[in-house]
Each structure stands twice: as C-alpha cells, then as structure tokens.
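As provided, final06.cif (mmCIF, C-alpha atoms) reads as follows.
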data_work
loop_
_atom_site.group_PDB
_atom_site.id
_atom_site.type_symbol
_atom_site.label_atom_id
_atom_site.label_comp_id
_atom_site.auth_asym_id
_atom_site.auth_seq_id
_atom_site.Cartn_x
_atom_site.Cartn_y
_atom_site.Cartn_z
ATOM 1 C CA MET U 1 147.286 28.217 -114.391
ATOM 2 C CA SER U 2 148.134 30.728 -111.909
ATOM 3 C CA LYS U 3 144.961 32.479 -112.815
ATOM 4 C CA LYS U 4 142.989 29.392 -112.009
ATOM 5 C CA ILE U 5 144.771 29.068 -108.708
ATOM 6 C CA GLU U 6 144.067 32.701 -107.920
ATOM 7 C CA ASP U 7 140.443 32.265 -108.872
ATOM 8 C CA LEU U 8 140.229 29.174 -106.731
ATOM 9 C CA GLU U 9 141.856 30.969 -103.835
ATOM 10 C CA GLN U 10 139.437 33.863 -104.234
ATOM 11 C CA GLU U 11 136.512 31.508 -104.360
ATOM 12 C CA GLU U 12 137.773 29.715 -101.265
ATOM 13 C CA GLU U 13 138.273 33.059 -99.532
ATOM 14 C CA ALA U 14 134.715 34.121 -100.445
ATOM 15 C CA LEU U 15 133.359 30.812 -99.266
ATOM 16 C CA ALA U 16 135.258 31.111 -95.983
ATOM 17 C CA ARG U 17 133.877 34.657 -95.501
ATOM 18 C CA ALA U 18 130.371 33.435 -96.227
ATOM 19 C CA VAL U 19 130.779 30.577 -93.757
ATOM 20 C CA ARG U 20 132.184 32.944 -91.107
ATOM 21 C CA SER U 21 129.394 35.415 -91.716
ATOM 22 C CA SER U 22 126.808 32.651 -91.520
ATOM 23 C CA ALA U 23 128.359 31.274 -88.334
ATOM 24 C CA GLN U 24 128.364 34.782 -86.866
ATOM 25 C CA GLN U 25 124.676 35.215 -87.714
ATOM 26 C CA ILE U 26 123.835 31.801 -86.227
ATOM 27 C CA TRP U 27 125.759 32.709 -83.083
ATOM 28 C CA GLN U 28 123.964 36.061 -82.819
ATOM 29 C CA ALA U 29 120.579 34.400 -83.421
ATOM 30 C CA GLY U 30 121.347 31.915 -80.633
ATOM 31 C CA LEU U 31 122.313 34.720 -78.255
ATOM 32 C CA GLY U 32 119.139 36.604 -79.156
ATOM 33 C CA ALA U 33 117.013 33.499 -78.552
ATOM 34 C CA PHE U 34 118.770 32.907 -75.241
ATOM 35 C CA ALA U 35 118.172 36.509 -74.134
ATOM 36 C CA LYS U 36 114.526 36.349 -75.183
ATOM 37 C CA ALA U 37 114.069 33.013 -73.391
ATOM 38 C CA GLN U 38 115.602 34.493 -70.240
ATOM 39 C CA GLN U 39 113.394 37.539 -70.434
ATOM 40 C CA GLU U 40 110.198 35.646 -71.258
ATOM 41 C CA GLY U 41 111.217 32.704 -69.104
ATOM 42 C CA GLY U 42 111.440 35.017 -66.114
ATOM 43 C CA ARG U 43 107.999 36.372 -66.895
ATOM 44 C CA GLU U 44 106.726 32.833 -67.517
ATOM 45 C CA PHE U 45 108.235 31.636 -64.236
ATOM 46 C CA THR U 46 106.585 34.530 -62.400
ATOM 47 C CA ARG U 47 103.254 33.740 -64.063
ATOM 48 C CA LEU U 48 103.557 30.048 -63.095
ATOM 49 C CA VAL U 49 104.327 30.969 -59.466
ATOM 50 C CA ARG U 50 101.273 33.267 -59.401
ATOM 51 C CA ASP U 51 99.052 30.550 -60.895
ATOM 52 C CA GLY U 52 100.421 27.976 -58.434
ATOM 53 C CA THR U 53 99.696 30.287 -55.507
ATOM 54 C CA GLU U 54 96.112 30.779 -56.679
ATOM 55 C CA LEU U 55 95.660 27.036 -57.122
ATOM 56 C CA GLN U 56 97.032 26.391 -53.634
ATOM 57 C CA LYS U 57 94.586 28.930 -52.139
ATOM 58 C CA ARG U 58 91.685 27.224 -53.906
ATOM 59 C CA ALA U 59 92.851 23.806 -52.700
ATOM 60 C CA ARG U 60 92.996 25.079 -49.105
ATOM 61 C CA LYS U 61 89.487 26.521 -49.405
ATOM 62 C CA VAL U 62 88.198 23.187 -50.710
ATOM 63 C CA GLU U 63 90.008 21.312 -47.951
ATOM 64 C CA ASP U 64 88.602 23.654 -45.283
ATOM 65 C CA ALA U 65 85.107 23.289 -46.712
ATOM 66 C CA THR U 66 85.492 19.495 -46.775
ATOM 67 C CA ASP U 67 86.633 19.480 -43.148
ATOM 68 C CA THR U 68 83.723 21.691 -42.136
ATOM 69 C CA VAL U 69 81.219 19.459 -43.905
ATOM 70 C CA ALA U 70 82.773 16.335 -42.366
ATOM 71 C CA ARG U 71 82.596 17.822 -38.851
ATOM 72 C CA LYS U 72 78.971 18.851 -39.355
ATOM 73 C CA ALA U 73 78.084 15.430 -40.711
ATOM 74 C CA GLU U 74 79.746 13.756 -37.717
ATOM 75 C CA ARG U 75 77.858 15.990 -35.264
ATOM 76 C CA SER U 76 74.585 15.293 -37.061
ATOM 77 C CA SER U 77 75.290 11.577 -36.996
ATOM 78 C CA ARG U 78 75.990 11.652 -33.249
ATOM 79 C CA ARG U 79 72.822 13.636 -32.616
ATOM 80 C CA ALA U 80 70.756 11.282 -34.753
ATOM 81 C CA SER U 81 72.147 8.147 -33.128
ATOM 82 C CA GLY U 82 71.573 9.660 -29.676
ATOM 83 C CA THR U 83 68.010 10.527 -30.638
ATOM 84 C CA TRP U 84 67.409 7.052 -32.048
ATOM 85 C CA GLY U 85 68.909 5.502 -28.917
ATOM 86 C CA LYS U 86 66.577 7.532 -26.692
ATOM 87 C CA LEU U 87 63.592 6.730 -28.882
ATOM 88 C CA GLU U 88 64.459 3.030 -28.802
ATOM 89 C CA GLN U 89 64.809 3.088 -25.018
ATOM 90 C CA VAL U 90 61.436 4.834 -24.576
ATOM 91 C CA PHE U 91 59.808 2.318 -26.930
ATOM 92 C CA GLU U 92 61.288 -0.663 -25.077
ATOM 93 C CA GLU U 93 60.178 0.711 -21.708
ATOM 94 C CA ARG U 94 56.621 1.274 -22.937
ATOM 95 C CA VAL U 95 56.417 -2.196 -24.476
ATOM 96 C CA ALA U 96 57.727 -3.725 -21.233
ATOM 97 C CA ARG U 97 55.108 -1.815 -19.194
ATOM 98 C CA ALA U 98 52.325 -2.876 -21.564
ATOM 99 C CA LEU U 99 53.390 -6.530 -21.390
ATOM 100 C CA ALA U 100 53.619 -6.361 -17.595
ATOM 101 C CA ALA U 101 50.128 -4.840 -17.468
ATOM 102 C CA ILE U 102 48.672 -7.870 -19.264
ATOM 103 C CA ASP U 103 50.732 -10.272 -17.112
ATOM 104 C CA VAL U 104 53.102 -11.461 -19.831
ATOM 105 C CA PRO U 105 56.186 -12.814 -18.054
ATOM 106 C CA ALA U 106 59.481 -11.046 -18.599
ATOM 107 C CA ARG U 107 62.391 -12.760 -20.323
ATOM 108 C CA SER U 108 64.251 -13.173 -17.037
ATOM 109 C CA GLU U 109 61.243 -14.945 -15.509
ATOM 110 C CA ILE U 110 60.994 -17.322 -18.463
ATOM 111 C CA GLU U 111 64.734 -18.036 -18.294
ATOM 112 C CA ALA U 112 64.435 -18.792 -14.554
ATOM 113 C CA LEU U 113 61.568 -21.194 -15.258
ATOM 114 C CA ASN U 114 63.556 -22.906 -18.029
ATOM 115 C CA HIS U 115 66.487 -23.298 -15.652
ATOM 116 C CA ARG U 116 64.210 -24.822 -12.980
ATOM 117 C CA ILE U 117 62.702 -27.213 -15.567
ATOM 118 C CA ASP U 118 66.209 -28.323 -16.585
ATOM 119 C CA GLU U 119 67.041 -29.030 -12.929
ATOM 120 C CA LEU U 120 63.847 -31.035 -12.445
ATOM 121 C CA GLU U 121 64.481 -33.072 -15.607
ATOM 122 C CA ARG U 122 67.993 -33.866 -14.411
ATOM 123 C CA MET U 123 66.659 -34.943 -11.027
ATOM 124 C CA LEU U 124 64.017 -37.166 -12.665
ATOM 125 C CA ALA U 125 66.681 -38.741 -14.863
ATOM 126 C CA GLU U 126 68.765 -39.524 -11.764
ATOM 127 C CA ILE U 127 65.747 -41.069 -10.025
ATOM 128 C CA GLY U 128 64.912 -43.107 -13.114
ATOM 129 C CA ALA U 129 68.487 -44.357 -13.368
ATOM 130 C CA ALA U 130 68.517 -45.263 -9.672
ATOM 131 C CA ALA U 131 65.220 -47.168 -9.995
ATOM 132 C CA LYS U 132 66.548 -49.270 -12.897
ATOM 133 C CA LYS U 133 69.623 -50.441 -10.981
ATOM 134 C CA PRO U 134 69.124 -53.774 -9.256
ATOM 135 C CA ALA U 135 68.910 -53.366 -5.508
ATOM 136 C CA ALA U 136 71.914 -54.824 -3.736
ATOM 137 C CA LYS U 137 71.250 -56.928 -0.660
ATOM 138 C CA LYS U 138 72.179 -55.074 2.439
ATOM 139 C CA PRO U 139 73.867 -56.788 5.367
ATOM 140 C CA ALA U 140 71.674 -57.297 8.419
ATOM 141 C CA ALA U 141 74.001 -55.313 10.646
ATOM 142 C CA LYS U 142 73.033 -51.977 9.102
ATOM 143 C CA LYS U 143 70.014 -50.086 10.284
ATOM 144 C CA PRO U 144 67.607 -49.658 7.351
ATOM 145 C CA ALA U 145 65.472 -47.151 9.253
ATOM 146 C CA ALA U 146 68.286 -44.576 9.343
ATOM 147 C CA LYS U 147 68.246 -44.024 5.566
ATOM 148 C CA LYS U 148 65.437 -42.379 3.631
ATOM 149 C CA PRO U 149 63.991 -44.472 0.838
ATOM 150 C CA ALA U 150 64.396 -43.199 -2.761
ATOM 151 C CA ALA U 151 60.697 -42.365 -3.035
ATOM 152 C CA LYS U 152 60.965 -40.234 0.096
ATOM 153 C CA LYS U 153 63.941 -38.310 -1.420
ATOM 154 C CA VAL U 154 61.932 -37.502 -4.549
ATOM 155 C CA GLU U 155 59.015 -36.357 -2.460
ATOM 156 C CA ASP U 156 61.296 -34.126 -0.369
ATOM 157 C CA LYS U 157 62.818 -32.617 -3.520
ATOM 158 C CA ARG U 158 59.364 -31.933 -4.908
ATOM 159 C CA LYS U 159 58.410 -30.186 -1.697
ATOM 160 C CA ASP U 160 61.604 -28.115 -1.853
ATOM 161 C CA GLY U 161 60.841 -27.170 -5.441
ATOM 162 C CA ALA U 162 57.282 -26.182 -4.571
ATOM 163 C CA ASP U 163 58.555 -24.029 -1.704
ATOM 164 C CA LYS U 164 60.994 -22.236 -3.999
ATOM 165 C CA ALA U 165 58.398 -21.615 -6.718
#
Could I get this file's structure written as structure tokens?
Amino acid sequence: MSKKIEDLEQEEEALARAVRSSAQQIWQAGLGAFAKAQQEGGREFTRLVRDGTELQKRARKVEDATDTVARKAERSSRRASGTWGKLEQVFEERVARALAAIDVPARSEIEALNHRIDELERMLAEIGAAAKKPAAKKPAAKKPAAKKPAAKKVEDKRKDGADKA
C-alpha cells in the first residue's frame, strides 16, 4: 500500500506542477497581452487623436463655409428687397401720375368726400327727426322772430357745405 500512496503522491505532485506551470503560462500570457495592449493602445490612441483633429478641421471648414454662404445670402436678400422696394415705389408713383393725368381722384379725395357724405346724412337724419316731432306751443311772451326756423337752418347748412366743397 505504501507503493500506492507513493504513486498517488507522485501523481498529485505532477498534477500540482502541471497546474503551477499552466498558471505561470496563463499569467505570462496575460502580461504579454497587457504589454501589447499598452503598446498598440498608445498607437491607437495617437491615431484616434490624429483622426479627431482632422475631423475637427473639416467641421470648422464646413462651418466657415456655411457662415459665408449665409452672410452672402442675407446680403443678396437685402439687396433684392431694396431693389423691389424701389421698383414698387417707382411703379406706384407712375400709376399715381397717370391717374392724376386722366383726372381720377386720389384715395384721400374719395375718403374726404365719403366723410362729407356721412356728415350730410347725419344732418338730414337730425332734420328728419326734428320734423317728425310734434311742435310744442310756445308761450306768447317769447319773440318768435329771434329764432331761425328749421328750414332756414337746413338752408344755411347747405350753403356752408357748398362753400366748403
């Protein structure tokens, strides 16, 4: 039995050596991978920084070009609107002169006439309302000759209106 125990101990010893050797190899492989990752990682990091710098330069160029185009478009828009404004003003002036030449009244003249018509209609409505009211008997003590009759007031207002027109 002692031989079996010795054999078992030898087998265990061999297994322990194999495990230690394997662990040592795994450890060394890990260190090698770590060293390679550091070496290549440094190169990779440097490459990424370089690529990022190039991308940033391109982005700035695009941004500058966009700003330039936007400024030019704004200037063109201002010029065009100024030109259209001038053209519109010239057109309106020429149309106004042509209408004046053929005696077409201006808008302001028509508005003044409409205002005068509204005043006259209001005055006629007041006269009509006054004519419909029953006349109250006046006391004998008052002098009727001192007041103008309603018809006289209308006639005076008509004369005033004719003078103004």
Straight-line distance linking CA of Ser2 in chain U with CA of Ser22 in chain U, stated in Å to one decimal: 29.6 Å
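Picture a line from CA of Ala37 in chain U to CA of Val49 in chain U; it runs 17.1 Å.
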Residues of range 79-136 of chain U that have any atom at most 12 Å from an atom of range 60-75 of chain U: could you tabulate them with the shortest-distance atom pair and the distance in Å to one decimal, using all atoms listed in the file, ordered by chain and increasing number, as a tab-separated table?
residue	atom	partner	partner_atom	distance
U:Arg79	CA	U:Arg75	CA	6.2
U:Ala80	CA	U:Arg75	CA	8.5
U:Ser81	CA	U:Arg75	CA	9.9
U:Gly82	CA	U:Arg75	CA	10.5
Just the selected residues (C-alpha atoms), exported as a PDB file, keeping the file's coordinate frame, please.
ATOM      1  CA  ARG U  79      72.822  13.636 -32.616  1.00  0.00           C
ATOM      2  CA  ALA U  80      70.756  11.282 -34.753  1.00  0.00           C
ATOM      3  CA  SER U  81      72.147   8.147 -33.128  1.00  0.00           C
ATOM      4  CA  GLY U  82      71.573   9.660 -29.676  1.00  0.00           C
TER       5      GLY U  82
END
Let me know the centre plus edge lengths, in Å and rounded to one decimal, of a box with edges along x, y and z that contains all listed atoms of range 52-57 of chain U and is padded by 4 Å on every side, as lines of an AutoDock Vina configuration file.
center_x = 97.5
center_y = 28.6
center_z = -55.3
size_x = 13.8
size_y = 12.4
size_z = 14.3
Just want the 9 Å neighbourhood of Ala96 in chain U, counted on all atoms listed in the file, with same-chain residues fewer than 5 positions away dropped. Output as a PyMOL selection string. chain U and resi 91+101+106
Could you tell me how far CA of Val95 in chain U sits from CA of Arg107 in chain U, in Å to one decimal place?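 Result for CA of Arg107 in chain U versus CA of Val95 in chain U: 12.8 Å, one decimal.
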